[in-house]
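**Student:** See query.cif below, with mmCIF, C-alpha atoms.
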data_input
#
loop_
_atom_site.label_atom_id
_atom_site.label_comp_id
_atom_site.auth_asym_id
_atom_site.auth_seq_id
_atom_site.Cartn_x
_atom_site.Cartn_y
_atom_site.Cartn_z
CA MET A 1 173.00 110.23 133.96
CA LYS A 2 172.22 110.05 130.23
CA LYS A 3 170.64 106.65 130.80
CA VAL A 4 168.40 108.07 133.54
CA LEU A 5 167.37 111.00 131.29
CA SER A 6 166.56 108.58 128.47
CA ILE A 7 164.36 106.53 130.78
CA LEU A 8 162.58 109.65 132.04
CA LEU A 9 162.07 110.91 128.47
CA ALA A 10 160.64 107.56 127.40
CA ALA A 11 158.27 107.60 130.39
CA VAL A 12 157.10 111.12 129.51
CA LEU A 13 156.49 110.13 125.89
CA PHE A 14 154.58 107.02 126.99
CA LEU A 15 152.37 109.03 129.35
CA GLY A 16 151.78 111.60 126.62
CA LEU A 17 150.70 108.94 124.15
CA THR A 18 148.48 107.31 126.78
CA ALA A 19 146.84 110.65 127.50
CA CYS A 20 146.24 111.25 123.80
CA GLY A 21 144.77 107.76 123.48
CA GLY A 22 142.45 108.43 126.41
CA GLU A 23 141.40 111.73 124.86
CA LYS A 24 140.62 109.98 121.61
CA GLY A 25 138.64 107.32 123.46
CA GLY A 26 136.68 110.04 125.29
CA LYS A 27 135.89 111.75 122.00
CA SER A 28 134.66 108.44 120.60
CA GLU A 29 132.32 107.95 123.57
CA ASN A 30 131.01 111.49 123.05
CA ASN A 31 129.98 110.47 119.55
CA LYS A 32 128.24 107.27 120.64
CA ILE A 33 124.64 106.88 121.77
CA ARG A 34 123.63 103.69 123.54
CA ILE A 35 119.83 103.76 123.35
CA GLY A 36 117.38 101.37 124.99
CA ALA A 37 114.19 100.58 123.07
CA THR A 38 111.35 98.08 122.79
CA PRO A 39 111.11 96.02 119.58
CA VAL A 40 108.13 97.24 117.51
CA PRO A 41 108.06 99.92 116.28
CA HIS A 42 110.83 101.61 118.26
CA VAL A 43 113.80 99.46 117.25
CA ASP A 44 112.52 99.41 113.66
CA ILE A 45 112.43 103.21 113.56
CA LEU A 46 115.88 103.54 115.12
CA LYS A 47 117.36 101.24 112.48
CA VAL A 48 116.10 103.64 109.81
CA VAL A 49 118.39 106.40 111.11
CA GLU A 50 121.49 104.35 111.97
CA GLU A 51 123.32 105.03 108.72
CA ASP A 52 122.29 108.70 108.64
CA LEU A 53 123.76 109.22 112.10
CA LYS A 54 126.91 107.34 111.13
CA LYS A 55 127.42 109.89 108.33
CA GLU A 56 127.18 112.56 111.04
CA GLY A 57 129.93 110.79 112.97
CA ILE A 58 127.56 109.31 115.56
CA GLU A 59 127.48 105.62 116.41
CA LEU A 60 124.02 104.41 117.47
CA GLU A 61 124.01 101.27 119.60
CA ILE A 62 120.49 99.89 120.04
CA VAL A 63 119.79 97.84 123.18
CA THR A 64 116.50 95.94 122.97
CA TYR A 65 114.34 95.62 126.10
CA THR A 66 111.01 93.86 126.62
CA ASP A 67 110.47 94.84 130.27
CA TYR A 68 109.23 98.44 130.53
CA PRO A 69 110.20 99.17 134.19
CA LEU A 70 113.87 98.38 133.52
CA ILE A 71 114.40 100.94 130.76
CA ASN A 72 114.08 104.23 132.63
CA LYS A 73 116.09 102.85 135.53
CA ALA A 74 118.84 101.81 133.11
CA LEU A 75 118.96 105.38 131.82
CA VAL A 76 119.07 106.88 135.32
CA GLU A 77 121.87 104.49 136.29
CA LYS A 78 123.81 105.37 133.11
CA GLU A 79 123.70 101.89 131.62
CA ILE A 80 122.33 103.57 128.48
CA ASP A 81 122.45 107.16 127.19
CA ALA A 82 118.83 107.51 126.01
CA ASN A 83 115.67 105.49 125.64
CA PHE A 84 112.77 105.22 123.20
CA PHE A 85 109.81 103.15 124.37
CA GLN A 86 107.39 105.24 126.44
CA HIS A 87 104.57 107.71 125.96
CA VAL A 88 104.30 111.03 127.78
CA PRO A 89 101.96 109.92 130.62
CA TYR A 90 104.24 106.94 131.39
CA PHE A 91 107.24 109.27 131.48
CA GLU A 92 105.46 111.77 133.75
CA ASP A 93 104.39 109.01 136.11
CA PHE A 94 107.98 107.78 136.36
CA GLU A 95 109.28 111.28 137.07
CA LYS A 96 106.64 111.80 139.73
CA ASN A 97 106.72 108.45 141.51
CA ASP A 98 110.11 106.88 140.83
CA GLN A 99 113.69 108.06 140.71
CA GLY A 100 113.20 110.86 138.22
CA GLY A 101 116.19 112.71 136.80
CA LEU A 102 115.15 112.40 133.15
CA GLU A 103 113.84 114.81 130.52
CA ILE A 104 112.08 114.55 127.17
CA LEU A 105 114.25 114.99 124.09
CA GLY A 106 111.28 115.03 121.71
CA GLY A 107 108.21 113.20 120.41
CA VAL A 108 108.30 110.76 117.50
CA HIS A 109 105.04 108.84 117.04
CA ILE A 110 101.71 107.68 118.44
CA GLU A 111 100.70 104.03 118.73
CA PRO A 112 96.91 104.12 118.93
CA MET A 113 95.43 101.78 121.51
CA GLY A 114 92.69 99.57 120.11
CA ILE A 115 89.80 97.53 121.43
CA TYR A 116 89.94 93.95 120.11
CA SER A 117 87.50 91.06 120.26
CA LYS A 118 87.23 87.46 119.08
CA LYS A 119 83.55 87.56 119.94
CA TYR A 120 82.19 90.80 118.49
CA LYS A 121 82.59 92.84 115.32
CA SER A 122 81.41 96.07 116.95
CA LEU A 123 81.17 97.66 120.39
CA ASP A 124 77.43 97.91 119.77
CA GLU A 125 77.25 94.13 120.28
CA LEU A 126 78.41 94.34 123.91
CA LYS A 127 76.00 92.62 126.30
CA ASP A 128 75.11 93.25 129.93
CA GLY A 129 77.88 92.17 132.29
CA ASP A 130 80.51 91.60 129.59
CA GLU A 131 84.14 91.54 130.68
CA VAL A 132 86.61 94.13 129.37
CA MET A 133 90.31 93.36 129.69
CA ILE A 134 92.49 96.46 130.28
CA PRO A 135 96.17 97.07 131.12
CA ASN A 136 96.98 97.07 134.84
CA ASP A 137 99.64 99.80 134.86
CA THR A 138 98.47 103.22 135.99
CA THR A 139 99.60 105.05 132.86
CA ASN A 140 97.71 102.81 130.44
CA SER A 141 94.60 101.74 132.34
CA GLY A 142 92.93 105.10 131.73
CA ARG A 143 93.36 104.91 127.95
CA PRO A 144 90.68 102.29 127.25
CA LEU A 145 88.27 104.11 129.55
CA LEU A 146 88.73 107.32 127.58
CA LEU A 147 88.40 105.35 124.35
CA LEU A 148 85.18 103.65 125.49
CA GLN A 149 83.83 107.02 126.59
CA SER A 150 84.59 108.50 123.16
CA LYS A 151 82.53 105.68 121.63
CA GLY A 152 79.59 106.31 123.98
CA ILE A 153 79.93 103.01 125.88
CA ILE A 154 80.62 104.51 129.32
CA LYS A 155 80.80 107.98 130.84
CA LEU A 156 83.54 109.25 133.15
CA ARG A 157 83.23 111.97 135.76
CA GLU A 158 83.93 115.44 134.47
CA GLY A 159 87.64 116.22 134.47
CA ALA A 160 88.77 112.60 134.44
CA GLY A 161 91.74 112.43 132.09
CA VAL A 162 94.65 110.07 131.45
CA ASP A 163 94.67 109.07 135.13
CA ALA A 164 91.06 107.86 135.01
CA THR A 165 90.21 104.59 136.78
CA GLU A 166 87.11 102.46 137.06
CA LYS A 167 86.13 104.58 140.08
CA ASP A 168 85.71 107.54 137.72
CA ILE A 169 82.97 105.77 135.73
CA VAL A 170 79.64 107.51 136.42
CA GLU A 171 77.59 105.78 133.75
CA ASN A 172 77.98 102.12 132.76
CA PRO A 173 74.64 101.11 131.18
CA LYS A 174 75.89 97.66 130.13
CA ASN A 175 77.38 96.96 133.59
CA LEU A 176 80.72 96.11 132.04
CA VAL A 177 83.20 94.35 134.30
CA PHE A 178 86.82 95.51 133.97
CA LYS A 179 89.62 93.00 134.41
CA ARG A 180 93.17 94.28 134.78
CA LEU A 181 96.08 92.35 133.31
CA ASP A 182 99.70 93.04 132.40
CA ALA A 183 99.63 94.93 129.08
CA ALA A 184 102.14 92.59 127.43
CA ALA A 185 100.04 89.53 128.32
CA ILE A 186 96.72 90.77 126.92
CA PRO A 187 97.37 89.94 123.22
CA SER A 188 97.84 86.27 124.15
CA THR A 189 94.71 86.04 126.32
CA TYR A 190 92.27 88.63 124.96
CA GLN A 191 89.99 85.93 123.55
CA ASP A 192 89.06 85.08 127.16
CA SER A 193 87.16 88.38 127.51
CA ALA A 194 84.35 89.88 125.47
CA VAL A 195 86.66 92.72 124.45
CA ALA A 196 90.18 93.83 125.39
CA ALA A 197 92.31 96.95 125.13
CA ILE A 198 95.72 96.34 123.58
CA ASN A 199 98.60 98.77 123.20
CA GLY A 200 99.62 99.36 119.58
CA ASN A 201 103.14 97.97 119.93
CA PHE A 202 101.99 94.77 121.63
CA ALA A 203 99.25 94.32 119.03
CA MET A 204 101.75 94.52 116.18
CA GLU A 205 104.21 92.20 117.92
CA HIS A 206 101.44 89.57 117.98
CA GLY A 207 100.47 89.99 114.34
CA LEU A 208 97.44 92.20 114.95
CA ASN A 209 96.87 95.19 112.69
CA PRO A 210 95.25 98.00 114.71
CA LEU A 211 93.59 99.43 111.60
CA THR A 212 91.96 96.23 110.39
CA ASP A 213 91.68 94.07 113.52
CA ALA A 214 90.59 96.57 116.18
CA ILE A 215 86.86 97.24 116.56
CA ALA A 216 87.66 100.67 118.05
CA LEU A 217 90.82 102.76 117.83
CA GLU A 218 92.19 105.94 119.40
CA GLU A 219 92.25 109.00 117.17
CA SER A 220 95.40 110.89 116.10
CA ASP A 221 94.82 113.54 118.80
CA SER A 222 95.80 111.02 121.47
CA PRO A 223 97.95 112.51 124.26
CA TYR A 224 100.04 109.32 124.31
CA VAL A 225 102.95 110.50 122.14
CA ASN A 226 105.98 108.19 122.27
CA ILE A 227 109.11 110.13 123.15
CA VAL A 228 112.88 109.83 123.37
CA ALA A 229 114.18 110.48 126.90
CA VAL A 230 117.64 111.44 128.13
CA ARG A 231 119.09 112.43 131.50
CA LYS A 232 118.34 115.94 132.75
CA GLY A 233 120.74 118.55 131.47
CA GLU A 234 121.87 116.47 128.49
CA LYS A 235 119.24 117.08 125.80
CA ASP A 236 121.12 120.04 124.30
CA GLN A 237 124.20 117.92 123.57
CA GLU A 238 124.93 117.92 119.86
CA LYS A 239 124.69 114.13 119.49
CA PHE A 240 121.21 114.06 121.02
CA GLN A 241 120.00 116.97 118.91
CA LYS A 242 121.23 115.14 115.81
CA LEU A 243 119.41 112.01 116.97
CA LEU A 244 116.18 113.98 117.36
CA GLN A 245 116.59 115.63 113.95
CA ALA A 246 117.07 112.21 112.37
CA LEU A 247 114.01 110.75 114.11
CA GLN A 248 111.83 113.73 113.14
CA SER A 249 112.93 113.69 109.51
CA GLU A 250 110.81 113.26 106.41
CA LYS A 251 112.56 109.93 105.88
CA VAL A 252 111.25 108.58 109.19
CA LYS A 253 107.81 110.07 108.60
CA LYS A 254 107.60 108.31 105.24
CA PHE A 255 108.82 105.04 106.77
CA ILE A 256 106.17 105.16 109.51
CA LEU A 257 103.35 105.94 107.09
CA GLU A 258 104.35 103.28 104.57
CA LYS A 259 105.42 100.56 107.00
CA TYR A 260 102.53 100.74 109.47
CA GLU A 261 99.78 102.16 107.24
CA GLY A 262 98.15 104.14 110.05
CA ALA A 263 98.75 101.65 112.85
CA VAL A 264 101.53 104.02 113.94
CA ILE A 265 101.15 107.77 113.41
CA PRO A 266 103.99 110.34 113.16
CA ALA A 267 103.79 112.92 115.97
CA PHE A 268 105.80 115.59 114.13
CA GLY A 269 105.68 117.54 110.88
CA LYS A 270 101.92 117.96 110.91
#
Would you write out, as structure tokens, the structure that this file holds?
**Tutor:**
Amino acid sequence: MKKVLSILLAAVLFLGLTACGGEKGGKSENNKIRIGATPVPHVDILKVVEEDLKKEGIELEIVTYTDYPLINKALVEKEIDANFFQHVPYFEDFEKNDQGGLEILGGVHIEPMGIYSKKYKSLDELKDGDEVMIPNDTTNSGRPLLLLQSKGIIKLREGAGVDATEKDIVENPKNLVFKRLDAAAIPSTYQDSAVAAINGNFAMEHGLNPLTDAIALEESDSPYVNIVAVRKGEKDQEKFQKLLQALQSEKVKKFILEKYEGAVIPAFGK
């Protein structure tokens, strides 16, 4: 009988220790953030706050992606806990047309889109029938149109905003021809067109400086703020709030201003 009791007691103790170990493991996961991000400048910015979050007891695991469509889906499917790669219109388009289920934690920076050319030094040099290369995704194709309108090159119908397409052009005095291409491919092929619109992150990844190499650049009032996204109902979790505080800190603001010299603009603390 004593032997049986001893065995039962040992089993109870083992289960108790296992439960405690599981609890500890759960606590560890609650203090870990697996975040998906694109390389420049997102991963660079996240690395700035890694040590600060570690001091807060939060482990930041950065997963680098280069394929935009995969990142929101990875978050929805719980492969990651948060992501940092997209601007607000891209996020809104995903929520409207794809799986949804995400929410914005907060804004961090703006990557101004620029117009680049190997042929011209100014938009004023554009000639009749010139080709303009623009991104083919719906959330970025309107950006260069708005930019060209702001420079007086074309005119869009009244009310056309971030969703503008070529069909919204009501005045095109130079009869520009718009060619759509994958945004990530444009920096490698933009010399084939008279001018091309390149996203800030892709420009920097290919050694282009938006401030010095672009012949036209979006202003700081751009609606394309890059944000951190999490799953709906999770943004108030302490670890995510600490992540946002770290990313919207003076330290990060200083890093952005000094590292990118205006090619990336902080979207907080104005």
**Student:** What residues come out when you apply the PyMOL selection byres ((chain A and resi 157) around 6) to this file, written as an MDAnalysis selection string?
**Tutor:** chainID A and resid 156 158 160 168 170
**Student:** Using the selection just defined, write its residues with C-alpha atoms as a PDB file, in the coordinates of the input.
**Tutor:**
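Result went into again_23.pdb, see below:
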ATOM      1  CA  LEU A 156      83.540 109.250 133.150  1.00  0.00           C
ATOM      2  CA  GLU A 158      83.930 115.440 134.470  1.00  0.00           C
ATOM      3  CA  ALA A 160      88.770 112.600 134.440  1.00  0.00           C
ATOM      4  CA  ASP A 168      85.710 107.540 137.720  1.00  0.00           C
ATOM      5  CA  VAL A 170      79.640 107.510 136.420  1.00  0.00           C
TER       6      VAL A 170
END
**Student:** Please measure the separation of CA of Glu218 (chain A) and CA of Ser150 (chain A), giving the value in Å to one decimal.
**Tutor:**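 Those two atoms sit 8.9 Å apart.
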**Student:** If we count all atoms listed in the file, what is near Pro41 (chain A) at a cut-off of 9 Å, once residues fewer than 3 positions away on the same chain are taken out, given as an MDAnalysis selection string?
**Tutor:** chainID A and resid 38 44:46 85 111 201 204:205 256 260 264
**Student:** Since I can't run it myself right now, could you work out what the PyMOL selection byres ((chain A and resi 230) around 6) selects here and report it as a VMD selection string?
**Tutor:** chain A and resid 82 102 to 103 229 231
**Student:** Could the residues of region 71-135 of chain A that have an atom at most 6 Å from region 210-216 of chain A be listed as a tab-separated table, each with its closest atom pair and the distance in Å to one decimal, counting only C-alpha atoms and ordered by chain and ascending residue number?
**Tutor:**
residue	atom	partner	partner_atom	distance
A:Gly114	CA	A:Ala214	CA	5.4
A:Ile115	CA	A:Ala216	CA	5.1
A:Tyr116	CA	A:Ala214	CA	4.8
A:Ser122	CA	A:Ile215	CA	5.6
**Student:** For a quick check of understanding, using all atoms listed in the file, which of A:Ile198, A:Val76, A:Val108, A:Leu70 has the smallest distance to Glu250 (chain A)?
**Tutor:**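 That would be A:Val108, the residue with the smallest distance to Glu250 (chain A).
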**Student:** Counting only C-alpha atoms, which of A:Gln237, A:Ser222, A:Gln245, A:Gln191 gets nearest to Lys119 (chain A)?
**Tutor:**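 The closest residue to Lys119 (chain A) is A:Gln191.
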**Student:** Please measure the separation of CA of Tyr190 (chain A) and CA of Met133 (chain A), giving the value in Å to one decimal.
**Tutor:**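 Spanning CA of Tyr190 (chain A) to CA of Met133 (chain A) is a straight-line distance of 7.0 Å.
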**Student:** Enter the distance from CA of Phe240 (chain A) to CA of Asn72 (chain A), in Å, rounded to one decimal.
**Tutor:**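 Spanning CA of Phe240 (chain A) to CA of Asn72 (chain A) is a straight-line distance of 16.8 Å.
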**Student:** Using all atoms listed in the file, which residue out of A:Asp192, A:Leu147, A:Pro135, A:Lys254 lies closest to Arg180 (chain A)?
**Tutor:**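 Looking at the shortest contact to Arg180 (chain A), the residue is A:Pro135.
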**Student:** Care to translate the PyMOL selection byres ((chain A and resi 253) around 12) into actual residues of this file, as a PyMOL selection string?
**Tutor:** chain A and resi 45+48-49+108-110+245-252+254-262+264-270
**Student:** Extract, using only C-alpha atoms, all DNA, RNA and protein residues at most 9 Å from region 51-54 of chain A, discarding same-chain residues fewer than 4 positions from it, and format them as a list in words.
**Tutor:**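 With the cut-off at 9 Å, the set is Lys47, Ile58, Glu59, Leu60, Lys239, Lys242, Leu243 and Ala246 of chain A.
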**Student:** Tell me which of A:Leu123, A:Leu244, A:Ile71, A:Ala203 sits closest to Tyr90 (chain A), counting all atoms listed in the file.
**Tutor:**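 With all atoms listed in the file as the atom set, the closest residue is A:Ile71.
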**Student:** Identify which of the residues A:Ile80, A:Ala185, A:Val195, A:Val162 lies closest to Asp93 (chain A), counting all atoms listed in the file when measuring atom-to-atom distances.
**Tutor:**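 Ranked by minimum distance to Asp93 (chain A), first place goes to A:Val162.
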**Student:** Got a sec: who's within 10 Å of Phe94 (chain A), counting only C-alpha atoms, leaving out chain neighbours fewer than 4 positions off, as JSON, numbers by chain?
**Tutor:** {"A": [69, 72, 73, 88, 89, 90, 98, 99, 100, 101, 102, 139]}
**Student:** Need the shell around Gly129 (chain A): protein/DNA/RNA residues with any atom at most 12 Å away, counting all atoms listed in the file. Skip same-chain ones fewer than 3 positions apart. Format as a list in words?
**Tutor:** Leu126, Val132, Asn172, Pro173, Lys174, Asn175, Leu176, Val177, Phe178, Lys179, Ser193, Ala194 and Val195 of chain A
**Student:** Name the closest residue to Arg143 (chain A) among the candidates A:Pro223, A:Pro39, A:Gly57, A:Gly107; distances are taken between atoms, counting only C-alpha atoms.
**Tutor:**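 So, comparing all the options, the nearest one is A:Pro223.
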**Student:** Kindly provide, as JSON, the centre and edge lengths (Å, one decimal) of an axis-aligned box around all atoms of region 60-77 of chain A given in the file, with 4 Å on each side.
**Tutor:**
{"center_x": 116.6, "center_y": 100.4, "center_z": 126.9, "size_x": 22.8, "size_y": 21.0, "size_z": 26.8}
**Student:** What's the 9 Å shell around Ala37 (chain A), counting all atoms listed in the file, without same-chain residues fewer than 5 positions away, as a PDB file with C-alpha atoms, keeping the file's coordinate frame?
**Tutor:**
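Written file, selection-v1.pdb:
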ATOM      1  CA  HIS A  42     110.830 101.610 118.260  1.00  0.00           C
ATOM      2  CA  VAL A  43     113.800  99.460 117.250  1.00  0.00           C
ATOM      3  CA  LEU A  46     115.880 103.540 115.120  1.00  0.00           C
ATOM      4  CA  ILE A  62     120.490  99.890 120.040  1.00  0.00           C
ATOM      5  CA  VAL A  63     119.790  97.840 123.180  1.00  0.00           C
ATOM      6  CA  THR A  64     116.500  95.940 122.970  1.00  0.00           C
ATOM      7  CA  TYR A  65     114.340  95.620 126.100  1.00  0.00           C
ATOM      8  CA  THR A  66     111.010  93.860 126.620  1.00  0.00           C
ATOM      9  CA  ILE A  71     114.400 100.940 130.760  1.00  0.00           C
ATOM     10  CA  ALA A  82     118.830 107.510 126.010  1.00  0.00           C
ATOM     11  CA  ASN A  83     115.670 105.490 125.640  1.00  0.00           C
ATOM     12  CA  PHE A  84     112.770 105.220 123.200  1.00  0.00           C
ATOM     13  CA  PHE A  85     109.810 103.150 124.370  1.00  0.00           C
ATOM     14  CA  GLN A  86     107.390 105.240 126.440  1.00  0.00           C
TER      15      GLN A  86
END
**Student:** Would you mind putting N, CA and C atoms back on region 46-59 of chain A and writing the result as a PDB file, keeping the file's coordinate frame?
**Tutor:**
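After the write, selection-v9.pdb holds the following:
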ATOM      1  N   LEU A  46     114.478 103.184 114.856  1.00  0.00           N
ATOM      2  CA  LEU A  46     115.880 103.540 115.120  1.00  0.00           C
ATOM      3  C   LEU A  46     116.810 103.010 114.038  1.00  0.00           C
ATOM      4  N   LYS A  47     116.514 101.828 113.530  1.00  0.00           N
ATOM      5  CA  LYS A  47     117.360 101.240 112.480  1.00  0.00           C
ATOM      6  C   LYS A  47     117.322 102.069 111.199  1.00  0.00           C
ATOM      7  N   VAL A  48     116.229 102.788 110.998  1.00  0.00           N
ATOM      8  CA  VAL A  48     116.100 103.640 109.810  1.00  0.00           C
ATOM      9  C   VAL A  48     117.130 104.762 109.815  1.00  0.00           C
ATOM     10  N   VAL A  49     117.497 105.230 111.019  1.00  0.00           N
ATOM     11  CA  VAL A  49     118.390 106.400 111.110  1.00  0.00           C
ATOM     12  C   VAL A  49     119.834 106.044 111.441  1.00  0.00           C
ATOM     13  N   GLU A  50     120.131 104.766 111.611  1.00  0.00           N
ATOM     14  CA  GLU A  50     121.490 104.350 111.970  1.00  0.00           C
ATOM     15  C   GLU A  50     122.541 104.865 111.001  1.00  0.00           C
ATOM     16  N   GLU A  51     122.336 104.630 109.725  1.00  0.00           N
ATOM     17  CA  GLU A  51     123.320 105.030 108.720  1.00  0.00           C
ATOM     18  C   GLU A  51     123.415 106.551 108.590  1.00  0.00           C
ATOM     19  N   ASP A  52     122.290 107.238 108.722  1.00  0.00           N
ATOM     20  CA  ASP A  52     122.290 108.700 108.640  1.00  0.00           C
ATOM     21  C   ASP A  52     123.125 109.300 109.771  1.00  0.00           C
ATOM     22  N   LEU A  53     122.989 108.726 110.960  1.00  0.00           N
ATOM     23  CA  LEU A  53     123.760 109.220 112.100  1.00  0.00           C
ATOM     24  C   LEU A  53     125.243 108.883 111.947  1.00  0.00           C
ATOM     25  N   LYS A  54     125.517 107.733 111.358  1.00  0.00           N
ATOM     26  CA  LYS A  54     126.910 107.340 111.130  1.00  0.00           C
ATOM     27  C   LYS A  54     127.611 108.359 110.226  1.00  0.00           C
ATOM     28  N   LYS A  55     126.874 108.864 109.230  1.00  0.00           N
ATOM     29  CA  LYS A  55     127.420 109.890 108.330  1.00  0.00           C
ATOM     30  C   LYS A  55     127.700 111.194 109.079  1.00  0.00           C
ATOM     31  N   GLU A  56     126.980 111.372 110.203  1.00  0.00           N
ATOM     32  CA  GLU A  56     127.180 112.560 111.040  1.00  0.00           C
ATOM     33  C   GLU A  56     128.268 112.313 112.091  1.00  0.00           C
ATOM     34  N   GLY A  57     128.877 111.126 112.018  1.00  0.00           N
ATOM     35  CA  GLY A  57     129.930 110.790 112.970  1.00  0.00           C
ATOM     36  C   GLY A  57     129.425 110.263 114.294  1.00  0.00           C
ATOM     37  N   ILE A  58     128.164 109.805 114.320  1.00  0.00           N
ATOM     38  CA  ILE A  58     127.560 109.310 115.560  1.00  0.00           C
ATOM     39  C   ILE A  58     127.249 107.824 115.439  1.00  0.00           C
ATOM     40  N   GLU A  59     127.751 107.050 116.382  1.00  0.00           N
ATOM     41  CA  GLU A  59     127.480 105.620 116.410  1.00  0.00           C
ATOM     42  C   GLU A  59     126.243 105.372 117.277  1.00  0.00           C
TER      43      GLU A  59
END
